[in-house]
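Here is the file target-v8.csv (CSV, C-alpha atoms).
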```
chain,number,residue,atom,x,y,z
H,1,MET,CA,-19.9,-12.8,-108.9
H,2,THR,CA,-18.1,-15.6,-110.6
H,3,LYS,CA,-17.9,-19.0,-109.0
H,4,PRO,CA,-14.4,-20.4,-108.3
H,5,ASP,CA,-13.0,-23.1,-110.5
H,6,PRO,CA,-13.0,-26.5,-108.9
H,7,GLY,CA,-9.2,-26.7,-109.2
H,8,ASN,CA,-6.6,-29.0,-107.9
H,9,PRO,CA,-4.8,-27.1,-105.2
H,10,ASP,CA,-1.5,-28.8,-106.0
H,11,ASN,CA,-1.5,-27.9,-109.6
H,12,PRO,CA,-1.3,-24.2,-110.5
H,13,HIS,CA,-2.8,-24.9,-114.0
H,14,GLN,CA,-6.0,-26.0,-112.3
H,15,ASP,CA,-5.8,-23.8,-109.2
H,16,ALA,CA,-9.1,-22.0,-108.4
H,17,LEU,CA,-8.7,-18.2,-108.5
H,18,ASP,CA,-10.3,-15.8,-106.2
H,19,PRO,CA,-14.0,-15.8,-106.9
H,20,ARG,CA,-13.9,-12.1,-107.7
H,21,CYS,CA,-11.8,-12.6,-110.8
H,22,ASP,CA,-13.6,-12.0,-114.0
H,23,ALA,CA,-12.8,-13.3,-117.5
H,24,ILE,CA,-10.1,-10.7,-118.2
H,25,ASP,CA,-8.4,-11.4,-114.9
H,26,ARG,CA,-8.4,-15.1,-115.7
H,27,GLY,CA,-7.1,-14.4,-119.2
H,28,LEU,CA,-4.3,-12.3,-117.7
H,29,ASP,CA,-3.5,-15.1,-115.3
H,30,ALA,CA,-3.3,-17.5,-118.2
H,31,ALA,CA,-1.1,-15.1,-120.2
H,32,LEU,CA,1.3,-14.8,-117.2
H,33,ASN,CA,1.4,-18.6,-117.0
H,34,GLN,CA,2.2,-19.0,-120.6
H,35,THR,CA,4.9,-16.3,-120.8
H,36,ALA,CA,6.6,-16.7,-117.4
H,37,PRO,CA,10.3,-16.4,-117.8
H,38,ARG,CA,12.0,-19.7,-117.1
H,39,GLU,CA,15.1,-19.5,-119.0
H,40,ILE,CA,17.9,-21.5,-117.4
H,41,PRO,CA,21.6,-21.7,-118.1
H,42,GLU,CA,22.8,-24.6,-120.1
H,43,GLY,CA,23.8,-27.5,-117.9
H,44,LEU,CA,22.3,-26.0,-114.7
H,45,VAL,CA,20.4,-29.1,-113.7
H,46,GLU,CA,23.5,-31.3,-114.2
H,47,ARG,CA,25.7,-29.0,-112.1
H,48,VAL,CA,23.2,-28.7,-109.3
H,49,ALA,CA,22.6,-32.5,-109.3
H,50,GLU,CA,26.3,-33.2,-109.2
H,51,ALA,CA,27.0,-30.8,-106.3
H,52,SER,CA,24.0,-31.8,-104.3
H,53,LEU,CA,24.5,-35.6,-104.8
H,54,GLU,CA,27.8,-35.3,-102.9
H,55,ARG,CA,25.9,-33.7,-100.0
H,56,LEU,CA,23.2,-36.3,-100.2
H,57,HIS,CA,25.8,-39.1,-100.0
H,58,ALA,CA,27.5,-37.4,-97.1
H,59,GLY,CA,24.2,-37.0,-95.3
H,60,ARG,CA,23.4,-40.7,-95.8
H,61,ALA,CA,26.8,-41.8,-94.6
H,62,THR,CA,26.5,-39.6,-91.5
H,63,THR,CA,23.0,-40.9,-90.8
H,64,LEU,CA,24.1,-44.5,-91.2
H,65,ARG,CA,27.2,-44.0,-89.1
H,66,PHE,CA,25.6,-42.1,-86.3
H,67,ARG,CA,22.2,-43.7,-86.0
H,68,PRO,CA,23.4,-46.8,-84.2
H,69,LEU,CA,26.0,-44.9,-82.2
H,70,THR,CA,23.3,-42.4,-81.1
H,71,ARG,CA,21.1,-45.2,-80.0
H,72,LEU,CA,23.9,-47.0,-78.2
H,73,ALA,CA,24.8,-43.8,-76.4
H,74,MET,CA,21.3,-43.2,-75.3
H,75,ALA,CA,21.0,-46.8,-74.0
H,76,ALA,CA,24.2,-46.3,-72.1
H,77,CYS,CA,22.9,-43.1,-70.5
H,78,VAL,CA,19.7,-44.8,-69.5
H,79,LEU,CA,21.6,-47.7,-68.0
H,80,LEU,CA,23.9,-45.4,-66.1
H,81,ALA,CA,21.0,-43.4,-64.7
H,82,VAL,CA,19.3,-46.6,-63.5
H,83,MET,CA,22.5,-47.9,-61.9
H,84,ALA,CA,23.0,-44.5,-60.2
H,85,ALA,CA,19.5,-44.6,-58.9
H,86,PHE,CA,20.0,-48.1,-57.4
H,87,TRP,CA,23.3,-47.1,-55.9
H,88,ILE,CA,21.8,-44.0,-54.2
H,89,VAL,CA,18.8,-46.0,-52.8
H,90,GLY,CA,21.1,-48.8,-51.6
H,91,HIS,CA,23.4,-46.4,-49.8
H,92,GLN,CA,20.7,-44.4,-48.0
H,93,PRO,CA,20.4,-45.5,-44.3
H,94,ALA,CA,17.1,-47.0,-43.4
H,95,PRO,CA,15.1,-45.5,-40.4
H,96,GLU,CA,16.0,-48.6,-38.2
H,97,GLY,CA,19.6,-48.1,-39.1
H,98,ARG,CA,19.5,-44.5,-37.9
H,99,MET,CA,17.9,-45.5,-34.5
H,100,LEU,CA,20.6,-48.1,-34.0
H,101,ALA,CA,23.2,-45.6,-34.7
H,102,ASN,CA,21.8,-43.2,-32.2
H,103,SER,CA,21.6,-45.9,-29.5
H,104,ASP,CA,25.3,-46.4,-29.7
H,105,LEU,CA,25.9,-42.8,-28.7
H,106,THR,CA,27.4,-42.1,-25.3
H,107,VAL,CA,27.1,-39.0,-23.2
H,108,ASP,CA,29.8,-37.8,-20.8
H,109,VAL,CA,28.4,-36.5,-17.6
H,110,THR,CA,30.6,-34.0,-15.7
H,111,PRO,CA,30.1,-34.0,-12.0
H,112,VAL,CA,29.0,-30.6,-10.7
H,113,ASP,CA,30.0,-28.9,-7.4
H,114,ALA,CA,27.7,-28.2,-4.4
H,115,ALA,CA,26.9,-24.6,-5.3
H,116,THR,CA,25.9,-25.5,-8.9
H,117,GLY,CA,23.9,-28.5,-7.5
H,118,ASN,CA,21.9,-26.1,-5.2
H,119,ALA,CA,21.3,-23.7,-8.0
H,120,ILE,CA,20.0,-26.6,-10.1
H,121,ALA,CA,17.8,-27.7,-7.2
H,122,ARG,CA,16.4,-24.2,-6.8
H,123,PHE,CA,15.8,-23.9,-10.5
H,124,ARG,CA,13.9,-27.2,-10.4
H,125,GLY,CA,11.8,-25.8,-7.5
H,126,LEU,CA,11.0,-22.7,-9.6
H,127,GLN,CA,10.3,-25.0,-12.5
H,128,LYS,CA,7.8,-26.9,-10.4
H,129,VAL,CA,6.2,-23.6,-9.3
H,130,SER,CA,5.8,-22.6,-12.9
H,131,GLU,CA,4.3,-26.0,-13.5
H,132,LEU,CA,1.8,-25.5,-10.7
H,133,ASN,CA,-1.7,-24.7,-11.5
H,134,TYR,CA,-4.0,-22.6,-9.4
H,135,ALA,CA,-6.2,-25.5,-8.3
H,136,ASP,CA,-3.2,-27.4,-6.9
H,137,ALA,CA,-1.8,-24.4,-5.1
H,138,LEU,CA,-5.2,-23.6,-3.6
H,139,VAL,CA,-5.5,-27.1,-2.2
H,140,ASP,CA,-2.0,-26.8,-0.7
H,141,LEU,CA,-2.9,-23.4,0.8
H,142,GLU,CA,-6.2,-24.8,2.3
H,143,ASP,CA,-4.2,-27.7,3.8
H,144,LEU,CA,-1.8,-25.2,5.4
H,145,VAL,CA,-4.6,-23.1,6.8
H,146,TRP,CA,-6.3,-26.2,8.1
H,147,ALA,CA,-3.0,-27.2,9.8
H,148,PHE,CA,-2.6,-23.8,11.4
H,149,HIS,CA,-6.2,-23.9,12.7
H,150,HIS,CA,-5.5,-27.3,14.3
H,151,GLY,CA,-2.3,-26.2,16.1
H,152,ALA,CA,0.1,-27.8,13.8
H,153,GLY,CA,2.1,-24.7,13.2
H,154,SER,CA,4.7,-25.4,15.8
H,155,ARG,CA,5.3,-28.9,14.4
H,156,MET,CA,5.7,-27.9,10.7
H,157,VAL,CA,8.7,-29.3,9.0
H,158,LEU,CA,10.5,-26.2,7.7
H,159,SER,CA,13.7,-25.5,5.8
H,160,PRO,CA,16.6,-24.4,8.1
H,161,GLY,CA,16.1,-20.8,9.3
H,162,GLU,CA,12.6,-20.6,7.7
H,163,THR,CA,9.8,-19.3,10.0
H,164,ASN,CA,6.2,-20.3,9.9
H,165,MET,CA,5.2,-17.0,8.4
H,166,GLU,CA,7.8,-17.3,5.7
H,167,ALA,CA,6.5,-20.7,4.8
H,168,VAL,CA,3.0,-19.3,4.5
H,169,GLU,CA,4.3,-16.3,2.4
H,170,ASN,CA,6.1,-18.7,0.1
H,171,GLU,CA,3.0,-20.7,-0.4
H,172,LEU,CA,1.0,-17.5,-1.1
H,173,ASP,CA,3.7,-16.3,-3.5
H,174,SER,CA,3.4,-19.6,-5.4
H,175,VAL,CA,-0.4,-19.1,-5.6
H,176,ARG,CA,0.1,-15.5,-6.9
H,177,VAL,CA,2.6,-16.8,-9.5
H,178,VAL,CA,0.3,-19.5,-10.7
H,179,ALA,CA,-2.7,-17.2,-10.7
H,180,ARG,CA,-0.7,-14.8,-12.9
H,181,LEU,CA,0.4,-17.7,-15.2
H,182,ASP,CA,-3.1,-19.0,-15.5
H,183,GLY,CA,-4.2,-15.5,-16.5
S,1,MET,CA,5.6,-28.0,-122.4
S,2,ARG,CA,6.3,-26.6,-119.0
S,3,GLY,CA,7.5,-29.3,-116.6
S,4,PHE,CA,4.7,-29.5,-114.2
S,5,PRO,CA,5.2,-30.0,-110.5
S,6,LEU,CA,5.2,-33.5,-109.3
S,7,ASP,CA,2.0,-34.1,-107.4
S,8,SER,CA,2.5,-34.3,-103.7
S,9,GLU,CA,2.4,-38.1,-103.4
S,10,HIS,CA,4.8,-38.6,-106.3
S,11,ALA,CA,7.2,-36.1,-104.8
S,12,LYS,CA,7.1,-37.8,-101.5
S,13,THR,CA,7.8,-41.1,-103.1
S,14,MET,CA,10.8,-39.7,-105.0
S,15,ILE,CA,12.1,-38.1,-101.8
S,16,ARG,CA,11.8,-41.3,-99.9
S,17,GLN,CA,13.6,-43.1,-102.7
S,18,ALA,CA,16.4,-40.5,-102.7
S,19,VAL,CA,16.8,-40.8,-99.0
S,20,ASP,CA,17.0,-44.6,-99.3
S,21,GLY,CA,19.9,-44.3,-101.7
S,22,ASP,CA,18.3,-43.9,-105.1
S,23,ASP,CA,20.4,-41.3,-106.9
S,24,ALA,CA,18.2,-41.3,-109.9
S,25,ALA,CA,15.3,-40.2,-107.8
S,26,TRP,CA,17.3,-37.3,-106.5
S,27,GLU,CA,18.3,-36.3,-110.0
S,28,ALA,CA,14.7,-36.4,-111.0
S,29,ILE,CA,13.9,-34.1,-108.1
S,30,VAL,CA,16.7,-31.7,-109.1
S,31,SER,CA,15.5,-31.8,-112.7
S,32,GLU,CA,12.0,-31.0,-111.7
S,33,TYR,CA,12.7,-28.2,-109.2
S,34,ALA,CA,16.1,-26.6,-110.0
S,35,PRO,CA,14.8,-24.8,-113.1
S,36,ARG,CA,11.8,-23.4,-111.1
S,37,VAL,CA,14.0,-22.4,-108.2
S,38,HIS,CA,16.4,-20.7,-110.6
S,39,ALA,CA,13.7,-19.0,-112.5
S,40,LEU,CA,12.1,-17.7,-109.3
S,41,LEU,CA,15.5,-16.3,-108.1
S,42,VAL,CA,16.2,-14.7,-111.5
S,43,SER,CA,12.8,-13.0,-111.5
S,44,ASN,CA,13.6,-11.6,-108.1
S,45,CYS,CA,17.3,-10.6,-108.5
S,46,HIS,CA,17.7,-10.4,-112.3
S,47,ASP,CA,21.1,-11.9,-111.9
S,48,HIS,CA,21.7,-15.3,-113.6
S,49,ASP,CA,25.0,-16.0,-111.9
S,50,LEU,CA,23.7,-15.2,-108.4
S,51,ALA,CA,20.6,-17.2,-109.1
S,52,GLU,CA,22.6,-20.2,-110.1
S,53,GLU,CA,24.9,-19.9,-107.1
S,54,ILE,CA,21.9,-19.8,-104.8
S,55,THR,CA,20.2,-22.6,-106.6
S,56,GLN,CA,23.2,-24.8,-106.1
S,57,SER,CA,23.6,-23.8,-102.5
S,58,THR,CA,19.9,-24.4,-101.8
S,59,PHE,CA,20.0,-27.9,-103.3
S,60,CYS,CA,23.1,-28.7,-101.4
S,61,THR,CA,21.4,-27.7,-98.1
S,62,VAL,CA,18.3,-29.7,-99.0
S,63,ALA,CA,20.3,-32.7,-99.9
S,64,ALA,CA,22.3,-32.6,-96.6
S,65,LYS,CA,19.1,-32.2,-94.6
S,66,LEU,CA,16.9,-34.5,-96.6
S,67,GLN,CA,17.2,-37.3,-94.0
S,68,SER,CA,15.7,-35.2,-91.3
S,69,TYR,CA,13.1,-33.7,-93.5
S,70,VAL,CA,11.4,-36.7,-94.9
S,71,GLU,CA,8.5,-37.0,-92.5
S,72,GLN,CA,7.5,-33.3,-92.5
S,73,GLY,CA,5.9,-33.0,-95.9
S,74,LYS,CA,5.5,-29.7,-97.8
S,75,PHE,CA,8.8,-30.2,-99.7
S,76,GLU,CA,8.2,-27.4,-102.2
S,77,SER,CA,7.5,-24.8,-99.6
S,78,TRP,CA,10.6,-25.9,-97.7
S,79,LEU,CA,12.8,-25.7,-100.8
S,80,PHE,CA,11.5,-22.4,-102.1
S,81,ARG,CA,11.7,-20.8,-98.7
S,82,ILE,CA,15.4,-21.8,-98.3
S,83,ALA,CA,16.1,-20.4,-101.7
S,84,MET,CA,14.3,-17.1,-101.1
S,85,ASN,CA,15.9,-16.7,-97.6
S,86,ARG,CA,19.3,-17.2,-99.2
S,87,LEU,CA,18.5,-14.6,-101.8
S,88,ARG,CA,17.3,-12.1,-99.2
S,89,ASP,CA,20.4,-12.7,-97.1
S,90,GLU,CA,22.6,-12.2,-100.1
S,91,MET,CA,20.8,-9.0,-101.2
S,92,ARG,CA,21.1,-7.6,-97.7
S,93,ARG,CA,24.8,-8.5,-97.6
S,94,ARG,CA,25.3,-6.7,-100.9
S,95,LYS,CA,23.4,-3.7,-99.8
S,96,ARG,CA,25.5,-3.5,-96.7
S,97,GLN,CA,28.7,-3.7,-98.7
S,98,ALA,CA,27.2,-1.2,-101.2
S,99,ILE,CA,28.3,-3.1,-104.2
S,100,PRO,CA,27.0,-1.2,-107.2
S,101,VAL,CA,24.8,-3.5,-109.3
S,102,ALA,CA,25.3,-3.2,-113.0
S,103,GLY,CA,22.3,-1.9,-115.0
S,104,GLU,CA,22.4,-4.9,-117.2
S,105,VAL,CA,22.0,-7.2,-114.2
S,106,LEU,CA,18.9,-5.4,-113.2
S,107,ARG,CA,17.1,-5.6,-116.5
S,108,PRO,CA,13.9,-7.6,-116.3
S,109,VAL,CA,14.4,-11.2,-117.5
S,110,ALA,CA,11.4,-11.7,-119.6
S,111,LYS,CA,12.5,-13.2,-122.7
S,112,THR,CA,12.4,-16.6,-124.2
S,113,GLY,CA,11.2,-19.8,-122.6
S,114,ARG,CA,12.6,-23.3,-122.3
S,115,GLU,CA,12.9,-25.3,-125.5
S,116,ASP,CA,10.4,-27.8,-124.2
S,117,ARG,CA,7.9,-25.1,-123.5
S,118,ALA,CA,4.7,-24.6,-125.6
S,119,PRO,CA,5.4,-22.1,-128.4
S,120,HIS,CA,3.8,-18.8,-127.8
S,121,GLU,CA,1.5,-18.9,-130.7
S,122,LYS,CA,-0.7,-16.2,-129.4
S,123,ILE,CA,1.6,-14.0,-127.3
S,124,ASP,CA,4.9,-13.2,-129.0
S,125,THR,CA,8.2,-12.4,-127.2
S,126,ASP,CA,7.8,-8.7,-127.3
S,127,MET,CA,4.4,-8.9,-125.8
S,128,ALA,CA,5.7,-11.3,-123.1
S,129,GLU,CA,8.5,-8.8,-122.3
S,130,ALA,CA,6.0,-6.0,-122.0
S,131,LEU,CA,3.7,-8.1,-119.8
S,132,TRP,CA,6.6,-9.0,-117.4
S,133,ALA,CA,8.0,-5.5,-117.5
S,134,ALA,CA,4.6,-4.4,-116.2
S,135,VAL,CA,4.8,-7.0,-113.5
S,136,GLY,CA,8.3,-5.7,-112.6
S,137,ASP,CA,6.7,-2.3,-111.9
S,138,LEU,CA,4.2,-3.6,-109.4
S,139,ALA,CA,4.7,-3.4,-105.7
S,140,GLU,CA,7.0,-6.1,-104.2
S,141,ALA,CA,4.2,-7.9,-102.5
S,142,ASP,CA,2.3,-8.2,-105.7
S,143,GLN,CA,5.3,-9.3,-107.7
S,144,GLU,CA,6.0,-11.9,-105.0
S,145,VAL,CA,2.7,-13.7,-105.4
S,146,LEU,CA,2.9,-13.6,-109.2
S,147,HIS,CA,6.4,-14.9,-109.2
S,148,LEU,CA,5.6,-17.7,-106.9
S,149,ARG,CA,2.6,-18.7,-108.9
S,150,HIS,CA,3.8,-18.3,-112.4
S,151,VAL,CA,7.5,-18.5,-112.3
S,152,ALA,CA,8.1,-21.0,-109.5
S,153,GLY,CA,4.9,-22.9,-110.5
S,154,LEU,CA,3.6,-23.2,-107.0
S,155,SER,CA,-0.1,-23.7,-106.3
S,156,PHE,CA,-1.9,-21.3,-104.1
S,157,LYS,CA,-1.8,-23.9,-101.3
S,158,GLN,CA,2.0,-24.2,-101.6
S,159,ILE,CA,2.3,-20.4,-101.7
S,160,ALA,CA,0.2,-20.1,-98.6
S,161,GLU,CA,2.5,-22.7,-96.9
S,162,GLN,CA,5.6,-20.8,-98.0
S,163,LEU,CA,4.4,-17.4,-97.0
S,164,GLU,CA,2.7,-18.8,-93.9
S,165,HIS,CA,-0.5,-17.0,-94.8
S,166,PRO,CA,-4.0,-18.4,-94.9
S,167,LEU,CA,-5.0,-19.7,-98.4
S,168,GLY,CA,-7.8,-17.0,-98.6
S,169,THR,CA,-5.2,-14.3,-98.0
S,170,VAL,CA,-3.0,-15.6,-100.8
S,171,LEU,CA,-6.0,-15.7,-103.2
S,172,ALA,CA,-6.9,-12.2,-102.3
S,173,ARG,CA,-3.3,-11.0,-102.8
S,174,HIS,CA,-3.2,-12.7,-106.2
S,175,PHE,CA,-6.5,-11.1,-107.1
S,176,ARG,CA,-5.2,-7.6,-106.1
S,177,ALA,CA,-1.9,-8.2,-108.0
S,178,ILE,CA,-3.9,-9.1,-111.2
S,179,LYS,CA,-6.1,-6.1,-110.8
S,180,ARG,CA,-3.1,-3.8,-110.4
S,181,LEU,CA,-1.4,-5.4,-113.4
S,182,ARG,CA,-4.6,-4.8,-115.3
S,183,GLU,CA,-4.7,-1.2,-114.3
S,184,ALA,CA,-1.0,-0.8,-115.2
S,185,LEU,CA,-1.6,-2.2,-118.7
S,186,GLY,CA,-4.8,-0.5,-119.3
S,187,ASP,CA,-8.1,-2.2,-120.0
S,188,GLU,CA,-7.5,-2.5,-123.7
S,189,ILE,CA,-4.1,-4.1,-123.6
S,190,ALA,CA,-5.1,-6.3,-120.6
S,191,GLY,CA,-8.2,-7.5,-122.6
S,192,ASP,CA,-5.9,-8.2,-125.6
S,193,PHE,CA,-3.6,-10.3,-123.3
S,194,ALA,CA,-6.5,-12.0,-121.8
S,195,SER,CA,-8.0,-13.0,-125.2
S,196,ARG,CA,-4.6,-14.4,-126.3
S,197,GLY,CA,-3.9,-16.0,-123.0
S,198,HIS,CA,-7.1,-18.1,-122.9
```

For this file, write the structure as C-alpha cells.
Amino acid sequence: MTKPDPGNPDNPHQDALDPRCDAIDRGLDAALNQTAPREIPEGLVERVAEASLERLHAGRATTLRFRPLTRLAMAACVLLAVMAAFWIVGHQPAPEGRMLANSDLTVDVTPVDAATGNAIARFRGLQKVSELNYADALVDLEDLVWAFHHGAGSRMVLSPGETNMEAVENELDSVRVVARLDG
Amino acid sequence: MRGFPLDSEHAKTMIRQAVDGDDAAWEAIVSEYAPRVHALLVSNCHDHDLAEEITQSTFCTVAAKLQSYVEQGKFESWLFRIAMNRLRDEMRRRKRQAIPVAGEVLRPVAKTGREDRAPHEKIDTDMAEALWAAVGDLAEADQEVLHLRHVAGLSFKQIAEQLEHPLGTVLARHFRAIKRLREALGDEIAGDFASRGH
C-alpha cells in the first residue's frame, strides 16, 4: 500500500490522493490536471466583473443605509417594550388597594317577613343539629334523664304545644342524627 | 500556467477588502474564480452560452450577498455550490420544457487550454480530447468529483465542503473514478497517459 502524499489540502496540485492509488493512478490524475478543459470566452472576466460590481456596490449601499436604521429600530423596540412593562406594572392594583376597594362595598339588606324568619330560624336549628357531635348530644340527653329522675319533668320549659315526651323524642332524634353523621 | 486558487487566508483578505469597498480586490476575485466556475459549468452542460450566463448570475448573487457572507469562510465551496445549483435548476427547467438540445452543444469540451497555461509538451490535444471523452463516459458521480478537482481546481477539502461529504468519502470517490477511467482507457493507454502526465 502506498503512503499518502503529505499535501496541502487547499491546493489541488499538492493534495494527497487516496492511499490506495498507485503510480498509474497518480499519473492519470496528473494528466487530467494538465489537460483539464478551461477554455473561456474572450472578455468573460471583464463582463462578469462589470455586472457583479454593480451588485456589490448596491449591496454596500444597502448595508450602509440600513445598518444604522436597523439598529435604531431595534433600540426603539427595546425602549417601547421597557416602557410598556413599566406602564403595566404601574397600573396593576396592589393587594392593599384591592382590600381598600372591597371595604368600600355596601350590602343592601332586605327585611324578611315573619314566615321567612321562622324558616330561617328552623334552618339554623337544623344547622346546629348537624353541627352537634355525639358527645355533646349524649351529655344533653344525660342531663335530661337526670332532670326526669329528679321530678323536674313538670317544670321543663317547653316550646308552645310541645309535650315532655316530644321534647325527649326530639333530643333522641338529634342523638340519632349526630350518631349517623359521626358514622 | 494555470491560475492557482488563492490560498484560504489570501482569499479571505481579498473578500474583506472587497466588502470594505475595494473594487480592485473584487476584480481580482472574479479574475481568479470566474474562469474556474465557467469551466466547471461547461464541463457539466457543454454549453458555453449557458455557462457564461450562469457564471454571471452566480457572481452577481455572490456580490450582492458578500456582506452577509464574510464571516462564514469556505468561499470557494459557497461559490461553486451556487453555480452548480443554478445549473441544475436550469437543466431541470429545460428538461421540463423539453427544449431539444443541439448535438453540437452536447459535444464534450475537451480542447485547448488558456493561453497562460503550460503547453502540453507531453500530452497533445488529441490525447487530451480522448482522455476527457473517456471522462465524459463515466458515471455522473465519477465525473462530478473529477470535474470539481481538475476543472474547478478545488482541493479535496473544498470538494468535501461543497458536496457535504467527509473528506475520506471524497478521496474514495476520486480513487474509484480514477480506477474506472483507467478501466475505460485500458491499462496500456492509461499507463501511457500516466507516464506523460508525471

Could the residues of chain H within 7 Å of chain S, counting all atoms listed in the file, be given as an mmCIF file with C-alpha atoms, keeping the file's coordinate frame, please?
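As a result, part_6.cif now contains:
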```cif
data_model
loop_
_atom_site.group_PDB
_atom_site.id
_atom_site.type_symbol
_atom_site.label_atom_id
_atom_site.label_comp_id
_atom_site.auth_asym_id
_atom_site.auth_seq_id
_atom_site.Cartn_x
_atom_site.Cartn_y
_atom_site.Cartn_z
ATOM 1 C CA PRO H 9 -4.800 -27.100 -105.200
ATOM 2 C CA ASP H 10 -1.500 -28.800 -106.000
ATOM 3 C CA ASN H 11 -1.500 -27.900 -109.600
ATOM 4 C CA PRO H 12 -1.300 -24.200 -110.500
ATOM 5 C CA ASP H 15 -5.800 -23.800 -109.200
ATOM 6 C CA LEU H 17 -8.700 -18.200 -108.500
ATOM 7 C CA ASP H 18 -10.300 -15.800 -106.200
ATOM 8 C CA CYS H 21 -11.800 -12.600 -110.800
ATOM 9 C CA ILE H 24 -10.100 -10.700 -118.200
ATOM 10 C CA ASP H 25 -8.400 -11.400 -114.900
ATOM 11 C CA GLY H 27 -7.100 -14.400 -119.200
ATOM 12 C CA LEU H 28 -4.300 -12.300 -117.700
ATOM 13 C CA ALA H 30 -3.300 -17.500 -118.200
ATOM 14 C CA ALA H 31 -1.100 -15.100 -120.200
ATOM 15 C CA LEU H 32 1.300 -14.800 -117.200
ATOM 16 C CA ASN H 33 1.400 -18.600 -117.000
ATOM 17 C CA THR H 35 4.900 -16.300 -120.800
ATOM 18 C CA ALA H 36 6.600 -16.700 -117.400
ATOM 19 C CA PRO H 37 10.300 -16.400 -117.800
ATOM 20 C CA ARG H 38 12.000 -19.700 -117.100
ATOM 21 C CA GLU H 39 15.100 -19.500 -119.000
ATOM 22 C CA ILE H 40 17.900 -21.500 -117.400
ATOM 23 C CA VAL H 45 20.400 -29.100 -113.700
ATOM 24 C CA VAL H 48 23.200 -28.700 -109.300
ATOM 25 C CA ALA H 49 22.600 -32.500 -109.300
ATOM 26 C CA ALA H 51 27.000 -30.800 -106.300
ATOM 27 C CA SER H 52 24.000 -31.800 -104.300
ATOM 28 C CA ARG H 55 25.900 -33.700 -100.000
ATOM 29 C CA LEU H 56 23.200 -36.300 -100.200
ATOM 30 C CA GLY H 59 24.200 -37.000 -95.300
#
```

Check your understanding: Using only C-alpha atoms, which residue out of S:Leu50, S:Leu79, S:Ala184, S:Leu41 lies closest to Ala133 in chain S?
Key -> S:Ala184

Check your understanding: Expressed in Å to a single decimal, how great is the separation between CA of Glu42 in chain H and CA of Arg94 in chain S?
Key ->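 So the answer is 26.4 Å.
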
Revision key, fill the gap. From CA of Ile159 in chain S to CA of Ser77 in chain S the spacing works out at 7.1 Å

Review point. CA of Glu140 in chain S to CA of Arg88 in chain S: how many Å, to one decimal?
Key: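 That distance, rounded to one decimal, is 12.9 Å.
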